[in-house]
file protein_2.pdb (PDB, C-alpha atoms)
ATOM      1  CA  VAL G   1      20.082  -7.404  22.713  1.00  0.00           C
ATOM      2  CA  VAL G   2      16.924  -5.888  21.237  1.00  0.00           C
ATOM      3  CA  ILE G   3      13.492  -6.309  22.785  1.00  0.00           C
ATOM      4  CA  TYR G   4      10.265  -4.674  21.755  1.00  0.00           C
ATOM      5  CA  ASP G   5       6.589  -4.148  22.494  1.00  0.00           C
ATOM      6  CA  ILE G   6       4.896  -2.962  19.300  1.00  0.00           C
ATOM      7  CA  ALA G   7       1.185  -2.152  19.456  1.00  0.00           C
ATOM      8  CA  ASN G   8       0.337  -2.559  15.759  1.00  0.00           C
ATOM      9  CA  ASP G   9       0.568  -5.951  14.034  1.00  0.00           C
ATOM     10  CA  ALA G  10       1.859  -4.546  10.730  1.00  0.00           C
ATOM     11  CA  ARG G  11       4.594  -2.501  12.427  1.00  0.00           C
ATOM     12  CA  ARG G  12       5.529  -5.472  14.620  1.00  0.00           C
ATOM     13  CA  VAL G  13       5.951  -7.764  11.590  1.00  0.00           C
ATOM     14  CA  LYS G  14       7.928  -5.107   9.719  1.00  0.00           C
ATOM     15  CA  LEU G  15      10.261  -4.549  12.680  1.00  0.00           C
ATOM     16  CA  ALA G  16      10.786  -8.285  13.186  1.00  0.00           C
ATOM     17  CA  LYS G  17      11.754  -8.668   9.520  1.00  0.00           C
ATOM     18  CA  VAL G  18      14.280  -5.846   9.799  1.00  0.00           C
ATOM     19  CA  LEU G  19      15.731  -7.318  12.988  1.00  0.00           C
ATOM     20  CA  LEU G  20      16.064 -10.750  11.357  1.00  0.00           C
ATOM     21  CA  GLY G  21      18.448  -9.108   8.892  1.00  0.00           C
ATOM     22  CA  TYR G  22      20.750  -8.178  11.768  1.00  0.00           C
ATOM     23  CA  ALA G  23      20.066 -10.582  14.603  1.00  0.00           C
ATOM     24  CA  GLU G  24      18.888 -13.977  15.754  1.00  0.00           C
ATOM     25  CA  ARG G  25      15.462 -14.274  17.335  1.00  0.00           C
ATOM     26  CA  VAL G  26      15.809 -15.805  20.800  1.00  0.00           C
ATOM     27  CA  GLN G  27      12.324 -15.020  22.110  1.00  0.00           C
ATOM     28  CA  TYR G  28       9.132 -13.909  20.388  1.00  0.00           C
ATOM     29  CA  SER G  29      10.052 -10.239  20.847  1.00  0.00           C
ATOM     30  CA  GLY G  30      13.725 -10.623  21.735  1.00  0.00           C
ATOM     31  CA  PHE G  31      16.782 -10.698  19.478  1.00  0.00           C
ATOM     32  CA  GLU G  32      20.522 -11.106  19.977  1.00  0.00           C
ATOM     33  CA  ALA G  33      23.025  -9.575  17.577  1.00  0.00           C
ATOM     34  CA  TYR G  34      26.761  -9.105  17.223  1.00  0.00           C
ATOM     35  CA  LEU G  35      27.091  -5.810  15.359  1.00  0.00           C
ATOM     36  CA  THR G  36      29.736  -3.311  14.426  1.00  0.00           C
ATOM     37  CA  LEU G  37      29.109   0.243  15.616  1.00  0.00           C
ATOM     38  CA  LYS G  38      28.141   1.214  12.064  1.00  0.00           C
ATOM     39  CA  GLN G  39      25.638  -1.653  11.826  1.00  0.00           C
ATOM     40  CA  LEU G  40      24.200  -0.683  15.216  1.00  0.00           C
ATOM     41  CA  GLU G  41      23.736   2.939  14.180  1.00  0.00           C
ATOM     42  CA  THR G  42      22.101   1.866  10.897  1.00  0.00           C
ATOM     43  CA  LEU G  43      19.731  -0.455  12.747  1.00  0.00           C
ATOM     44  CA  LYS G  44      18.843   2.233  15.299  1.00  0.00           C
ATOM     45  CA  ALA G  45      18.021   4.688  12.494  1.00  0.00           C
ATOM     46  CA  LYS G  46      15.754   2.127  10.804  1.00  0.00           C
ATOM     47  CA  ILE G  47      13.958   1.418  14.075  1.00  0.00           C
ATOM     48  CA  ARG G  48      13.480   5.134  14.825  1.00  0.00           C
ATOM     49  CA  ASP G  49      11.917   5.638  11.397  1.00  0.00           C
ATOM     50  CA  MET G  50       9.478   2.727  11.542  1.00  0.00           C
ATOM     51  CA  ILE G  51       7.953   2.798  15.013  1.00  0.00           C
ATOM     52  CA  ASP G  52       5.191   4.936  16.483  1.00  0.00           C
ATOM     53  CA  HIS G  53       7.017   6.785  19.249  1.00  0.00           C
ATOM     54  CA  GLU G  54       3.812   7.234  21.243  1.00  0.00           C
ATOM     55  CA  GLU G  55       2.590   3.606  21.155  1.00  0.00           C
ATOM     56  CA  ASP G  56       5.641   1.392  20.653  1.00  0.00           C
ATOM     57  CA  ARG G  57       8.622   0.548  22.819  1.00  0.00           C
ATOM     58  CA  VAL G  58      11.997  -0.782  21.672  1.00  0.00           C
ATOM     59  CA  ARG G  59      14.956  -1.357  23.980  1.00  0.00           C
ATOM     60  CA  ILE G  60      18.492  -1.966  22.772  1.00  0.00           C
ATOM     61  CA  TYR G  61      20.969  -3.230  25.325  1.00  0.00           C
ATOM     62  CA  ARG G  62      24.594  -2.906  24.278  1.00  0.00           C
ATOM     63  CA  ILE G  63      26.753  -5.403  26.133  1.00  0.00           C
ATOM     64  CA  ALA G  64      30.429  -4.451  26.102  1.00  0.00           C
ATOM     65  CA  GLY G  65      33.348  -6.688  26.872  1.00  0.00           C
ATOM     66  CA  VAL G  66      32.919 -10.432  26.982  1.00  0.00           C
ATOM     67  CA  PRO G  67      29.220 -11.179  27.466  1.00  0.00           C
ATOM     68  CA  THR G  68      28.165 -14.193  29.461  1.00  0.00           C
ATOM     69  CA  ILE G  69      24.908 -15.785  28.366  1.00  0.00           C
ATOM     70  CA  THR G  70      23.200 -18.549  30.293  1.00  0.00           C
ATOM     71  CA  VAL G  71      20.267 -20.235  28.565  1.00  0.00           C
ATOM     72  CA  TYR G  72      17.846 -22.770  30.044  1.00  0.00           C
ATOM     73  CA  GLY G  73      15.285 -24.530  27.894  1.00  0.00           C
TER      74      GLY G  73
END
call {"tool": "encode", "arguments": {"input": "protein_2.pdb", "output": "structure tokens"}}
result
Amino acid sequence: VVIYDIANDARRVKLAKVLLGYAERVQYSGFEAYLTLKQLETLKAKIRDMIDHEEDRVRIYRIAGVPTITVYG
């Protein structure tokens, strides 16, 4: 699961486009992905390189085992 709060519109759009290459958007700033460890490391490197580390926030939650997802609406 990847969620973000990006201050700048251009960076936010760029990050969303990158994430769409790896994941499915499930909320405006939330994505779900099933990735190999290599894909995860590649994605993390791309995110590190594109965000402003002072202004932006990105959280990646790695869910091990068999995830249970409940969705309403």
call {"tool": "resolve_selection", "arguments": {"input": "protein_2.pdb", "expression": "the PyMOL selection byres ((chain G and resi 43-52) around 9)", "output": "PyMOL selection string"}}
result
chain G and resi 6-8+11-12+14-15+18-19+22+38-42+53-58+60
call {"tool": "write_last_selection", "arguments": {"input": "protein_2.pdb", "atoms": "C-alpha atoms", "output": "mmCIF file, in the coordinates of the input"}}
result
data_model
loop_
_atom_site.group_PDB
_atom_site.id
_atom_site.type_symbol
_atom_site.label_atom_id
_atom_site.label_comp_id
_atom_site.auth_asym_id
_atom_site.auth_seq_id
_atom_site.Cartn_x
_atom_site.Cartn_y
_atom_site.Cartn_z
ATOM 1 C CA ILE G 6 4.896 -2.962 19.300
ATOM 2 C CA ALA G 7 1.185 -2.152 19.456
ATOM 3 C CA ASN G 8 0.337 -2.559 15.759
ATOM 4 C CA ARG G 11 4.594 -2.501 12.427
ATOM 5 C CA ARG G 12 5.529 -5.472 14.620
ATOM 6 C CA LYS G 14 7.928 -5.107 9.719
ATOM 7 C CA LEU G 15 10.261 -4.549 12.680
ATOM 8 C CA VAL G 18 14.280 -5.846 9.799
ATOM 9 C CA LEU G 19 15.731 -7.318 12.988
ATOM 10 C CA TYR G 22 20.750 -8.178 11.768
ATOM 11 C CA LYS G 38 28.141 1.214 12.064
ATOM 12 C CA GLN G 39 25.638 -1.653 11.826
ATOM 13 C CA LEU G 40 24.200 -0.683 15.216
ATOM 14 C CA GLU G 41 23.736 2.939 14.180
ATOM 15 C CA THR G 42 22.101 1.866 10.897
ATOM 16 C CA HIS G 53 7.017 6.785 19.249
ATOM 17 C CA GLU G 54 3.812 7.234 21.243
ATOM 18 C CA GLU G 55 2.590 3.606 21.155
ATOM 19 C CA ASP G 56 5.641 1.392 20.653
ATOM 20 C CA ARG G 57 8.622 0.548 22.819
ATOM 21 C CA VAL G 58 11.997 -0.782 21.672
ATOM 22 C CA ILE G 60 18.492 -1.966 22.772
#
call {"tool": "residues_around", "arguments": {"input": "protein_2.pdb", "residues": "Val1 (chain G)", "least_positions_apart": "2", "cutoff": "8 Å", "atoms": "all atoms listed in the file", "output": "list in words"}}
result
Ile3, Gly30, Phe31, Glu32, Ala33, Ile60, Tyr61, Arg62 and Ile63 of chain G
call {"tool": "atom_distance", "arguments": {"input": "protein_2.pdb", "atom1": "CA of Arg59 (chain G)", "atom2": "CA of Thr36 (chain G)"}}
result
17.7 Å
call {"tool": "atom_distance", "arguments": {"input": "protein_2.pdb", "atom1": "CA of Tyr28 (chain G)", "atom2": "CA of Tyr72 (chain G)"}}
result
15.7 Å
call {"tool": "closest_residue", "arguments": {"input": "protein_2.pdb", "among": "G:Arg25, G:Ala64, G:Val71, G:Lys17", "to": "Val2 (chain G)", "atoms": "all atoms listed in the file"}}
result
G:Arg25
call {"tool": "build_atoms", "arguments": {"input": "protein_2.pdb", "residues": "region 38-56 of chain G", "atoms": "N, CA and C atoms", "output": "compact mmCIF listing (two decimals), in the frame of the given file"}}
result
# COMPACT_ATOMS: atom_id res chain seq x y z
N LYS G 38 28.84 0.70 13.24
CA LYS G 38 28.14 1.21 12.06
C LYS G 38 26.83 0.47 11.85
N GLN G 39 26.86 -0.87 11.97
CA GLN G 39 25.64 -1.65 11.83
C GLN G 39 24.62 -1.27 12.90
N LEU G 40 25.10 -1.07 14.12
CA LEU G 40 24.20 -0.68 15.22
C LEU G 40 23.54 0.65 14.92
N GLU G 41 24.30 1.62 14.48
CA GLU G 41 23.74 2.94 14.18
C GLU G 41 22.73 2.86 13.03
N THR G 42 23.03 2.05 12.02
CA THR G 42 22.10 1.87 10.90
C THR G 42 20.80 1.24 11.38
N LEU G 43 20.92 0.20 12.20
CA LEU G 43 19.73 -0.46 12.75
C LEU G 43 18.91 0.51 13.59
N LYS G 44 19.57 1.28 14.45
CA LYS G 44 18.84 2.23 15.30
C LYS G 44 18.08 3.26 14.45
N ALA G 45 18.69 3.73 13.38
CA ALA G 45 18.02 4.69 12.49
C ALA G 45 16.79 4.06 11.85
N LYS G 46 16.90 2.82 11.41
CA LYS G 46 15.75 2.13 10.80
C LYS G 46 14.63 1.97 11.82
N ILE G 47 14.98 1.60 13.04
CA ILE G 47 13.96 1.42 14.08
C ILE G 47 13.27 2.74 14.38
N ARG G 48 14.06 3.81 14.54
CA ARG G 48 13.48 5.13 14.82
C ARG G 48 12.48 5.55 13.76
N ASP G 49 12.78 5.22 12.51
CA ASP G 49 11.92 5.64 11.40
C ASP G 49 10.65 4.81 11.26
N MET G 50 10.62 3.60 11.80
CA MET G 50 9.48 2.73 11.54
C MET G 50 8.49 2.59 12.69
N ILE G 51 8.87 3.00 13.89
CA ILE G 51 7.95 2.80 15.01
C ILE G 51 7.10 4.04 15.27
N ASP G 52 6.02 3.84 15.98
CA ASP G 52 5.19 4.94 16.48
C ASP G 52 5.74 5.27 17.87
N HIS G 53 6.33 6.42 18.01
CA HIS G 53 7.02 6.78 19.25
C HIS G 53 6.08 7.01 20.42
N GLU G 54 4.80 7.10 20.17
CA GLU G 54 3.81 7.23 21.24
C GLU G 54 3.31 5.88 21.73
N GLU G 55 3.19 4.90 20.83
CA GLU G 55 2.59 3.61 21.16
C GLU G 55 3.59 2.48 21.37
N ASP G 56 4.71 2.52 20.68
CA ASP G 56 5.64 1.39 20.65
C ASP G 56 6.82 1.61 21.59
